[in-house]
Amino acid sequence: MREALDQWVRSGGTLIAIGGSAGALSAPENGLGSVRRLEDVLGELDGYAQAVQREIAAREVEVDPDAVYARGLPQSLQFPWDGAAGLPDKDELERRDAWQRIFAPIGVELAGRVDTRHWLTAGTGEQVPVLVAGGTVLMAPEGVEAPVRFGVTSPKAGNEEEEKAEAPATAGWVSLPAGMETHLRMSGLLWPDFAPRIAHAPYVTREGHGNGQIILFADSPSFRASTMGTMRLFTNALVYGPGCGANAPIVP
């Protein structure tokens with residue numbers, strides 16, 4: 001079955017999986033694609049965190065014309081992950097993750113930050129409410145698109161110089177740049193123990209697989225049609241997916 005599905009996607013098919021099915025396709029063994037569940041990559045979190053830090057930095061780029069057109073070399077460079085707090089060892093991360101999974105939500109509205117340049121998010125705004133009713137947390141490595149992630153990041157209100165002097169804020173497995181904060185819960189019950197586990201994880205991922213593509217939703221985008229923004233994401237995946245993200249053969 002796995003081989004037949006793999007061949008179908010590689011031949012130009014668009015595979016869309018939701019919730020537990022997305023988790024099954026993300027399993028290290030017998031899964032498809034590069035996306036993994038959080039609990040399966042606890043010893044490799046630095047690479048996933050860097051992917052998030054790069055995305056956040058790309059949203060906050062400030063170009064210095066003098067530096068761009070300078071004749072000499074820069075005296076110093078800053079990277080998105082500079083000053084990031086170190087993570088505990090794998091054994092401790094596994095203990096923490098097992099505890100946090102106990103507090104998985106059964107119905108909470110979270111804020112999703114949107115990459116408005118992606119075709120999957122056409123028709124949505126910069127933020128979208130996301131209904132979460134499960135504990136599937138996906139992880140997208142470099143090279144996998146994450147058009148929507150849990151949590152909206154923004155600069156803290158206050159003195160700009162004080163913000164720059166702050167240490168990077170740790171939000172679960174991701175350290176944010178100094179002076180940044182994350183807004184996650186919109187409505188419903190979200191246990192503090194679980195919030196850092198899901199913050200900055202992708203709600204939806206998209207990656208190419210041969211001539212086709214794999215689109216994974218961490219939770220149901222169409223549950224009782226309760227959130228129109230995620231319904232739009234799902235509709236885009238169904239309608240635009242075969243043309244925008246895959247190279248399906250034309251059958252006469």
# chains A, B, ... in the order shown; residues from 1 in each chain; ligands from 1

call {"tool": "residues_around", "arguments": {"residues": "region 10-27 of chain A", "least_positions_apart": "5", "cutoff": "7 Å", "atoms": "only C-alpha atoms", "output": "mmCIF file with all heavy atoms, in the first residue's frame"}}
result
data_model
loop_
_atom_site.group_PDB
_atom_site.id
_atom_site.type_symbol
_atom_site.label_atom_id
_atom_site.label_comp_id
_atom_site.auth_asym_id
_atom_site.auth_seq_id
_atom_site.Cartn_x
_atom_site.Cartn_y
_atom_site.Cartn_z
ATOM 1 N N LEU A 32 5.877 9.087 4.302
ATOM 2 C CA LEU A 32 6.209 9.711 3.021
ATOM 3 C C LEU A 32 6.658 11.144 3.274
ATOM 4 O O LEU A 32 6.080 11.840 4.108
ATOM 5 C CB LEU A 32 4.992 9.730 2.083
ATOM 6 C CG LEU A 32 4.508 8.415 1.488
ATOM 7 C CD1 LEU A 32 3.297 8.661 0.587
ATOM 8 C CD2 LEU A 32 5.607 7.736 0.683
ATOM 9 N N VAL A 35 8.466 15.649 6.455
ATOM 10 C CA VAL A 35 7.852 16.150 7.679
ATOM 11 C C VAL A 35 7.835 15.043 8.725
ATOM 12 O O VAL A 35 7.602 13.871 8.402
ATOM 13 C CB VAL A 35 6.419 16.650 7.400
ATOM 14 C CG1 VAL A 35 5.734 17.096 8.688
ATOM 15 C CG2 VAL A 35 6.447 17.796 6.395
ATOM 16 N N ARG A 36 8.080 15.411 9.974
ATOM 17 C CA ARG A 36 8.100 14.443 11.069
ATOM 18 C C ARG A 36 7.247 14.952 12.238
ATOM 19 O O ARG A 36 6.974 16.140 12.359
ATOM 20 C CB ARG A 36 9.542 14.206 11.551
ATOM 21 C CG ARG A 36 10.425 13.532 10.521
ATOM 22 C CD ARG A 36 10.028 12.091 10.318
ATOM 23 N NE ARG A 36 10.840 11.416 9.304
ATOM 24 C CZ ARG A 36 10.471 11.270 8.030
ATOM 25 N NH1 ARG A 36 9.305 11.757 7.610
ATOM 26 N NH2 ARG A 36 11.249 10.645 7.181
ATOM 27 N N ARG A 37 6.848 14.045 13.105
ATOM 28 C CA ARG A 37 6.171 14.431 14.340
ATOM 29 C C ARG A 37 7.215 14.911 15.350
ATOM 30 O O ARG A 37 8.356 14.440 15.347
ATOM 31 C CB ARG A 37 5.397 13.249 14.909
ATOM 32 C CG ARG A 37 4.291 12.730 14.011
ATOM 33 C CD ARG A 37 3.689 11.458 14.559
ATOM 34 N NE ARG A 37 4.693 10.406 14.700
ATOM 35 C CZ ARG A 37 4.447 9.193 15.162
ATOM 36 N NH1 ARG A 37 3.230 8.880 15.557
ATOM 37 N NH2 ARG A 37 5.417 8.300 15.260
ATOM 38 N N THR A 136 -1.448 16.256 17.518
ATOM 39 C CA THR A 136 -0.479 16.070 16.437
ATOM 40 C C THR A 136 0.314 17.351 16.228
ATOM 41 O O THR A 136 -0.251 18.394 15.899
ATOM 42 C CB THR A 136 -1.188 15.689 15.123
ATOM 43 O OG1 THR A 136 -1.922 14.479 15.307
ATOM 44 C CG2 THR A 136 -0.177 15.488 14.001
ATOM 45 N N HIS A 209 7.117 15.938 -4.068
ATOM 46 C CA HIS A 209 7.499 14.525 -3.962
ATOM 47 C C HIS A 209 7.441 13.955 -5.377
ATOM 48 O O HIS A 209 6.376 13.612 -5.881
ATOM 49 C CB HIS A 209 6.534 13.795 -3.021
ATOM 50 C CG HIS A 209 7.009 12.435 -2.601
ATOM 51 N ND1 HIS A 209 8.099 12.242 -1.777
ATOM 52 C CD2 HIS A 209 6.554 11.181 -2.903
ATOM 53 C CE1 HIS A 209 8.278 10.948 -1.564
ATOM 54 N NE2 HIS A 209 7.362 10.281 -2.248
ATOM 55 N N GLY A 210 8.597 13.892 -6.025
ATOM 56 C CA GLY A 210 8.608 13.526 -7.431
ATOM 57 C C GLY A 210 7.887 14.592 -8.241
ATOM 58 O O GLY A 210 8.144 15.788 -8.080
ATOM 59 N N ASN A 211 6.963 14.204 -9.093
ATOM 60 C CA ASN A 211 6.153 15.155 -9.854
ATOM 61 C C ASN A 211 4.917 15.600 -9.082
ATOM 62 O O ASN A 211 4.150 16.442 -9.574
ATOM 63 C CB ASN A 211 5.715 14.537 -11.189
ATOM 64 C CG ASN A 211 6.860 14.431 -12.172
ATOM 65 O OD1 ASN A 211 7.758 15.268 -12.192
ATOM 66 N ND2 ASN A 211 6.846 13.392 -12.987
ATOM 67 N N GLY A 212 4.694 15.024 -7.912
ATOM 68 C CA GLY A 212 3.524 15.365 -7.117
ATOM 69 C C GLY A 212 3.885 16.141 -5.870
ATOM 70 O O GLY A 212 4.961 16.750 -5.771
ATOM 71 N N GLN A 213 3.003 16.128 -4.901
ATOM 72 C CA GLN A 213 3.227 16.887 -3.681
ATOM 73 C C GLN A 213 2.447 16.257 -2.530
ATOM 74 O O GLN A 213 1.479 15.520 -2.734
ATOM 75 C CB GLN A 213 2.792 18.335 -3.844
ATOM 76 C CG GLN A 213 1.298 18.494 -4.104
ATOM 77 C CD GLN A 213 0.886 19.936 -4.311
ATOM 78 O OE1 GLN A 213 1.539 20.855 -3.818
ATOM 79 N NE2 GLN A 213 -0.183 20.154 -5.057
ATOM 80 N N ILE A 214 2.916 16.579 -1.310
ATOM 81 C CA ILE A 214 2.260 16.119 -0.089
ATOM 82 C C ILE A 214 1.875 17.347 0.729
ATOM 83 O O ILE A 214 2.720 18.200 1.024
ATOM 84 C CB ILE A 214 3.205 15.216 0.728
ATOM 85 C CG1 ILE A 214 3.640 14.007 -0.110
ATOM 86 C CG2 ILE A 214 2.524 14.755 2.013
ATOM 87 C CD1 ILE A 214 4.734 13.181 0.548
ATOM 88 N N ILE A 215 0.598 17.444 1.077
ATOM 89 C CA ILE A 215 0.085 18.543 1.893
ATOM 90 C C ILE A 215 -0.472 17.944 3.180
ATOM 91 O O ILE A 215 -1.361 17.091 3.134
ATOM 92 C CB ILE A 215 -1.008 19.337 1.152
ATOM 93 C CG1 ILE A 215 -0.444 19.936 -0.144
ATOM 94 C CG2 ILE A 215 -1.577 20.431 2.041
ATOM 95 C CD1 ILE A 215 -1.483 20.603 -1.030
ATOM 96 N N LEU A 216 0.050 18.380 4.312
ATOM 97 C CA LEU A 216 -0.356 17.837 5.601
ATOM 98 C C LEU A 216 -0.967 18.928 6.473
ATOM 99 O O LEU A 216 -0.394 20.017 6.608
ATOM 100 C CB LEU A 216 0.842 17.220 6.334
ATOM 101 C CG LEU A 216 1.622 16.121 5.596
ATOM 102 C CD1 LEU A 216 2.768 15.617 6.486
ATOM 103 C CD2 LEU A 216 0.714 14.970 5.187
ATOM 104 N N PHE A 217 -2.118 18.651 7.056
ATOM 105 C CA PHE A 217 -2.762 19.528 8.035
ATOM 106 C C PHE A 217 -2.640 18.876 9.407
ATOM 107 O O PHE A 217 -3.052 17.724 9.585
ATOM 108 C CB PHE A 217 -4.240 19.736 7.699
ATOM 109 C CG PHE A 217 -4.499 20.615 6.505
ATOM 110 C CD1 PHE A 217 -4.554 20.078 5.230
ATOM 111 C CD2 PHE A 217 -4.695 21.977 6.667
ATOM 112 C CE1 PHE A 217 -4.807 20.880 4.135
ATOM 113 C CE2 PHE A 217 -4.940 22.793 5.575
ATOM 114 C CZ PHE A 217 -5.000 22.247 4.299
ATOM 115 N N ALA A 218 -2.129 19.605 10.383
ATOM 116 C CA ALA A 218 -1.960 19.044 11.721
ATOM 117 C C ALA A 218 -3.293 18.743 12.384
ATOM 118 O O ALA A 218 -3.375 17.861 13.238
ATOM 119 C CB ALA A 218 -1.148 19.998 12.594
ATOM 120 N N ASP A 219 -4.333 19.468 12.002
ATOM 121 C CA ASP A 219 -5.663 19.239 12.545
ATOM 122 C C ASP A 219 -6.687 19.517 11.463
ATOM 123 O O ASP A 219 -6.354 20.058 10.402
ATOM 124 C CB ASP A 219 -5.920 20.139 13.763
ATOM 125 C CG ASP A 219 -6.611 19.384 14.891
ATOM 126 O OD1 ASP A 219 -7.700 18.821 14.639
ATOM 127 O OD2 ASP A 219 -6.066 19.342 16.011
ATOM 128 N N SER A 220 -7.939 19.176 11.715
ATOM 129 C CA SER A 220 -8.971 19.296 10.687
ATOM 130 C C SER A 220 -9.239 20.755 10.335
ATOM 131 O O SER A 220 -9.619 21.548 11.209
ATOM 132 C CB SER A 220 -10.274 18.646 11.167
ATOM 133 O OG SER A 220 -11.302 18.879 10.225
ATOM 134 N N GLY A 241 -4.213 22.859 -5.815
ATOM 135 C CA GLY A 241 -3.091 21.950 -5.619
ATOM 136 C C GLY A 241 -2.593 21.247 -6.869
ATOM 137 O O GLY A 241 -1.402 21.327 -7.197
ATOM 138 N N PRO A 242 -3.455 20.557 -7.610
ATOM 139 C CA PRO A 242 -2.964 19.813 -8.779
ATOM 140 C C PRO A 242 -2.299 20.688 -9.831
ATOM 141 O O PRO A 242 -1.407 20.228 -10.549
ATOM 142 C CB PRO A 242 -4.250 19.167 -9.329
ATOM 143 C CG PRO A 242 -5.136 19.045 -8.128
ATOM 144 C CD PRO A 242 -4.860 20.264 -7.308
ATOM 145 N N ALA A 246 1.832 20.601 -8.307
ATOM 146 C CA ALA A 246 2.184 19.286 -8.867
ATOM 147 C C ALA A 246 2.263 19.371 -10.385
ATOM 148 O O ALA A 246 1.732 20.303 -11.003
ATOM 149 C CB ALA A 246 1.149 18.236 -8.454
ATOM 150 N N ASN A 247 2.914 18.393 -10.947
ATOM 151 C CA ASN A 247 3.060 18.328 -12.400
ATOM 152 C C ASN A 247 2.354 17.062 -12.890
ATOM 153 O O ASN A 247 2.982 16.110 -13.328
ATOM 154 C CB ASN A 247 4.535 18.323 -12.789
ATOM 155 C CG ASN A 247 4.747 18.386 -14.290
ATOM 156 O OD1 ASN A 247 3.871 18.833 -15.026
ATOM 157 N ND2 ASN A 247 5.906 17.951 -14.747
ATOM 158 N N ALA A 248 1.039 17.063 -12.740
ATOM 159 C CA ALA A 248 0.263 15.882 -13.091
ATOM 160 C C ALA A 248 0.189 15.736 -14.613
ATOM 161 O O ALA A 248 0.062 16.724 -15.345
ATOM 162 C CB ALA A 248 -1.132 15.995 -12.525
ATOM 163 N N PRO A 249 0.288 14.517 -15.107
ATOM 164 C CA PRO A 249 0.201 14.319 -16.564
ATOM 165 C C PRO A 249 -1.195 14.622 -17.081
ATOM 166 O O PRO A 249 -2.194 14.434 -16.376
ATOM 167 C CB PRO A 249 0.526 12.836 -16.715
ATOM 168 C CG PRO A 249 0.162 12.217 -15.417
ATOM 169 C CD PRO A 249 0.457 13.259 -14.372
#

call {"tool": "select_by_dssp", "arguments": {"residues": "region 57-242 of chain A", "states": "alpha helix (DSSP H)", "output": "NGL selection string"}}
result
:A and (57-59 or 65-68 or 90-101 or 160-165 or 195-198 or 228-239 or 241-242)

call {"tool": "closest_residue", "arguments": {"among": "A:Ala157, A:Ile250, A:Leu184, A:Leu189", "to": "Ala104 (chain A)", "atoms": "only C-alpha atoms"}}
result
A:Leu189

call {"tool": "closest_residue", "arguments": {"among": "A:Thr124, A:Asn30, A:Gln75, A:Ser226", "to": "Met1 (chain A)", "atoms": "only C-alpha atoms"}}
result
A:Asn30

call {"tool": "residues_around", "arguments": {"residues": "region 40-57 of chain A", "least_positions_apart": "4", "cutoff": "6 Å", "atoms": "only C-alpha atoms", "output": "list of chain:residue names"}}
result
A:Pro80, A:Lys90, A:Pro141, A:Glu142, A:Val174

call {"tool": "residues_around", "arguments": {"residues": "Phe234 (chain A)", "least_positions_apart": "3", "cutoff": "8 Å", "atoms": "only C-alpha atoms", "output": "list in words"}}
result
Pro221, Ser222, Thr230, Met231, Ala237 and Leu238 of chain A

call {"tool": "select_by_dssp", "arguments": {"residues": "region 4-246 of chain A", "states": "strand (DSSP E or B)", "output": "PyMOL selection string"}}
result
chain A and resi 14-18+36-37+108-114+127-132+138-139+145-150+152-155+169-171+174-176+180-183+185-188+202-209+212-217

call {"tool": "residues_around", "arguments": {"residues": "region 92-101 of chain A", "least_positions_apart": "6", "cutoff": "7 Å", "atoms": "only C-alpha atoms", "output": "ChimeraX atom specification"}}
result
/A:39,42,135,193-194

call {"tool": "write_last_selection", "arguments": {"atoms": "C-alpha atoms", "output": "mmCIF file, in the first residue's frame"}}
result
data_model
loop_
_atom_site.group_PDB
_atom_site.id
_atom_site.type_symbol
_atom_site.label_atom_id
_atom_site.label_comp_id
_atom_site.auth_asym_id
_atom_site.auth_seq_id
_atom_site.Cartn_x
_atom_site.Cartn_y
_atom_site.Cartn_z
ATOM 1 C CA GLU A 39 8.173 13.326 19.393
ATOM 2 C CA LEU A 42 13.568 15.464 19.839
ATOM 3 C CA GLY A 135 -2.055 16.514 19.881
ATOM 4 C CA ASP A 193 2.155 22.892 29.756
ATOM 5 C CA PHE A 194 1.169 22.267 26.136
#

call {"tool": "residues_around", "arguments": {"residues": "Gly123 (chain A)", "least_positions_apart": "4", "cutoff": "10 Å", "atoms": "only C-alpha atoms", "output": "ChimeraX atom specification"}}
result
/A:116,119,229,232-233,236

call {"tool": "residues_around", "arguments": {"residues": "Ile198 (chain A)", "least_positions_apart": "2", "cutoff": "9 Å", "atoms": "only C-alpha atoms", "output": "list of chain:residue names"}}
result
A:Gly135, A:Thr136, A:Val137, A:Leu138, A:Phe150, A:Gly151, A:Gly172, A:Phe194, A:Ala195, A:Pro196, A:His200, A:Ala201, A:Pro202

call {"tool": "decode", "arguments": {"residues": "region 212-225 of chain A", "atoms": "all heavy atoms", "output": "short mmCIF file (atom, residue, chain, number, x, y, z; two decimals), in the first residue's frame"}}
result
data_model
loop_
_atom_site.label_atom_id
_atom_site.label_comp_id
_atom_site.auth_asym_id
_atom_site.auth_seq_id
_atom_site.Cartn_x
_atom_site.Cartn_y
_atom_site.Cartn_z
N GLY A 212 4.69 15.02 -7.91
CA GLY A 212 3.52 15.37 -7.12
C GLY A 212 3.89 16.14 -5.87
O GLY A 212 4.96 16.75 -5.77
N GLN A 213 3.00 16.13 -4.90
CA GLN A 213 3.23 16.89 -3.68
C GLN A 213 2.45 16.26 -2.53
O GLN A 213 1.48 15.52 -2.73
CB GLN A 213 2.79 18.34 -3.84
CG GLN A 213 1.30 18.49 -4.10
CD GLN A 213 0.89 19.94 -4.31
OE1 GLN A 213 1.54 20.85 -3.82
NE2 GLN A 213 -0.18 20.15 -5.06
N ILE A 214 2.92 16.58 -1.31
CA ILE A 214 2.26 16.12 -0.09
C ILE A 214 1.87 17.35 0.73
O ILE A 214 2.72 18.20 1.02
CB ILE A 214 3.20 15.22 0.73
CG1 ILE A 214 3.64 14.01 -0.11
CG2 ILE A 214 2.52 14.75 2.01
CD1 ILE A 214 4.73 13.18 0.55
N ILE A 215 0.60 17.44 1.08
CA ILE A 215 0.09 18.54 1.89
C ILE A 215 -0.47 17.94 3.18
O ILE A 215 -1.36 17.09 3.13
CB ILE A 215 -1.01 19.34 1.15
CG1 ILE A 215 -0.44 19.94 -0.14
CG2 ILE A 215 -1.58 20.43 2.04
CD1 ILE A 215 -1.48 20.60 -1.03
N LEU A 216 0.05 18.38 4.31
CA LEU A 216 -0.36 17.84 5.60
C LEU A 216 -0.97 18.93 6.47
O LEU A 216 -0.39 20.02 6.61
CB LEU A 216 0.84 17.22 6.33
CG LEU A 216 1.62 16.12 5.60
CD1 LEU A 216 2.77 15.62 6.49
CD2 LEU A 216 0.71 14.97 5.19
N PHE A 217 -2.12 18.65 7.06
CA PHE A 217 -2.76 19.53 8.03
C PHE A 217 -2.64 18.88 9.41
O PHE A 217 -3.05 17.72 9.58
CB PHE A 217 -4.24 19.74 7.70
CG PHE A 217 -4.50 20.61 6.51
CD1 PHE A 217 -4.55 20.08 5.23
CD2 PHE A 217 -4.69 21.98 6.67
CE1 PHE A 217 -4.81 20.88 4.13
CE2 PHE A 217 -4.94 22.79 5.57
CZ PHE A 217 -5.00 22.25 4.30
N ALA A 218 -2.13 19.60 10.38
CA ALA A 218 -1.96 19.04 11.72
C ALA A 218 -3.29 18.74 12.38
O ALA A 218 -3.38 17.86 13.24
CB ALA A 218 -1.15 20.00 12.59
N ASP A 219 -4.33 19.47 12.00
CA ASP A 219 -5.66 19.24 12.55
C ASP A 219 -6.69 19.52 11.46
O ASP A 219 -6.35 20.06 10.40
CB ASP A 219 -5.92 20.14 13.76
CG ASP A 219 -6.61 19.38 14.89
OD1 ASP A 219 -7.70 18.82 14.64
OD2 ASP A 219 -6.07 19.34 16.01
N SER A 220 -7.94 19.18 11.71
CA SER A 220 -8.97 19.30 10.69
C SER A 220 -9.24 20.75 10.34
O SER A 220 -9.62 21.55 11.21
CB SER A 220 -10.27 18.65 11.17
OG SER A 220 -11.30 18.88 10.22
N PRO A 221 -9.09 21.14 9.06
CA PRO A 221 -9.37 22.51 8.67
C PRO A 221 -10.86 22.76 8.41
O PRO A 221 -11.27 23.91 8.22
CB PRO A 221 -8.58 22.66 7.36
CG PRO A 221 -8.56 21.28 6.78
CD PRO A 221 -8.53 20.33 7.96
N SER A 222 -11.66 21.69 8.41
CA SER A 222 -13.08 21.83 8.03
C SER A 222 -14.03 21.31 9.10
O SER A 222 -15.19 21.03 8.79
CB SER A 222 -13.33 21.09 6.71
OG SER A 222 -12.96 19.72 6.81
N PHE A 223 -13.57 21.18 10.34
CA PHE A 223 -14.42 20.64 11.40
C PHE A 223 -15.64 21.53 11.61
O PHE A 223 -15.54 22.67 12.04
CB PHE A 223 -13.63 20.51 12.70
CG PHE A 223 -14.41 19.94 13.84
CD1 PHE A 223 -14.74 18.60 13.88
CD2 PHE A 223 -14.84 20.76 14.88
CE1 PHE A 223 -15.47 18.07 14.93
CE2 PHE A 223 -15.56 20.23 15.94
CZ PHE A 223 -15.89 18.89 15.96
N ARG A 224 -16.81 21.01 11.27
CA ARG A 224 -18.08 21.73 11.40
C ARG A 224 -18.06 23.08 10.72
O ARG A 224 -18.88 23.97 11.05
CB ARG A 224 -18.46 21.88 12.88
CG ARG A 224 -18.70 20.56 13.59
CD ARG A 224 -19.07 20.76 15.05
NE ARG A 224 -19.29 19.46 15.69
CZ ARG A 224 -19.52 19.32 17.00
NH1 ARG A 224 -19.57 20.39 17.78
NH2 ARG A 224 -19.71 18.12 17.52
N ALA A 225 -17.15 23.26 9.76
CA ALA A 225 -17.03 24.53 9.02
C ALA A 225 -16.96 25.72 9.98
O ALA A 225 -17.49 26.79 9.71
CB ALA A 225 -18.20 24.70 8.04
#
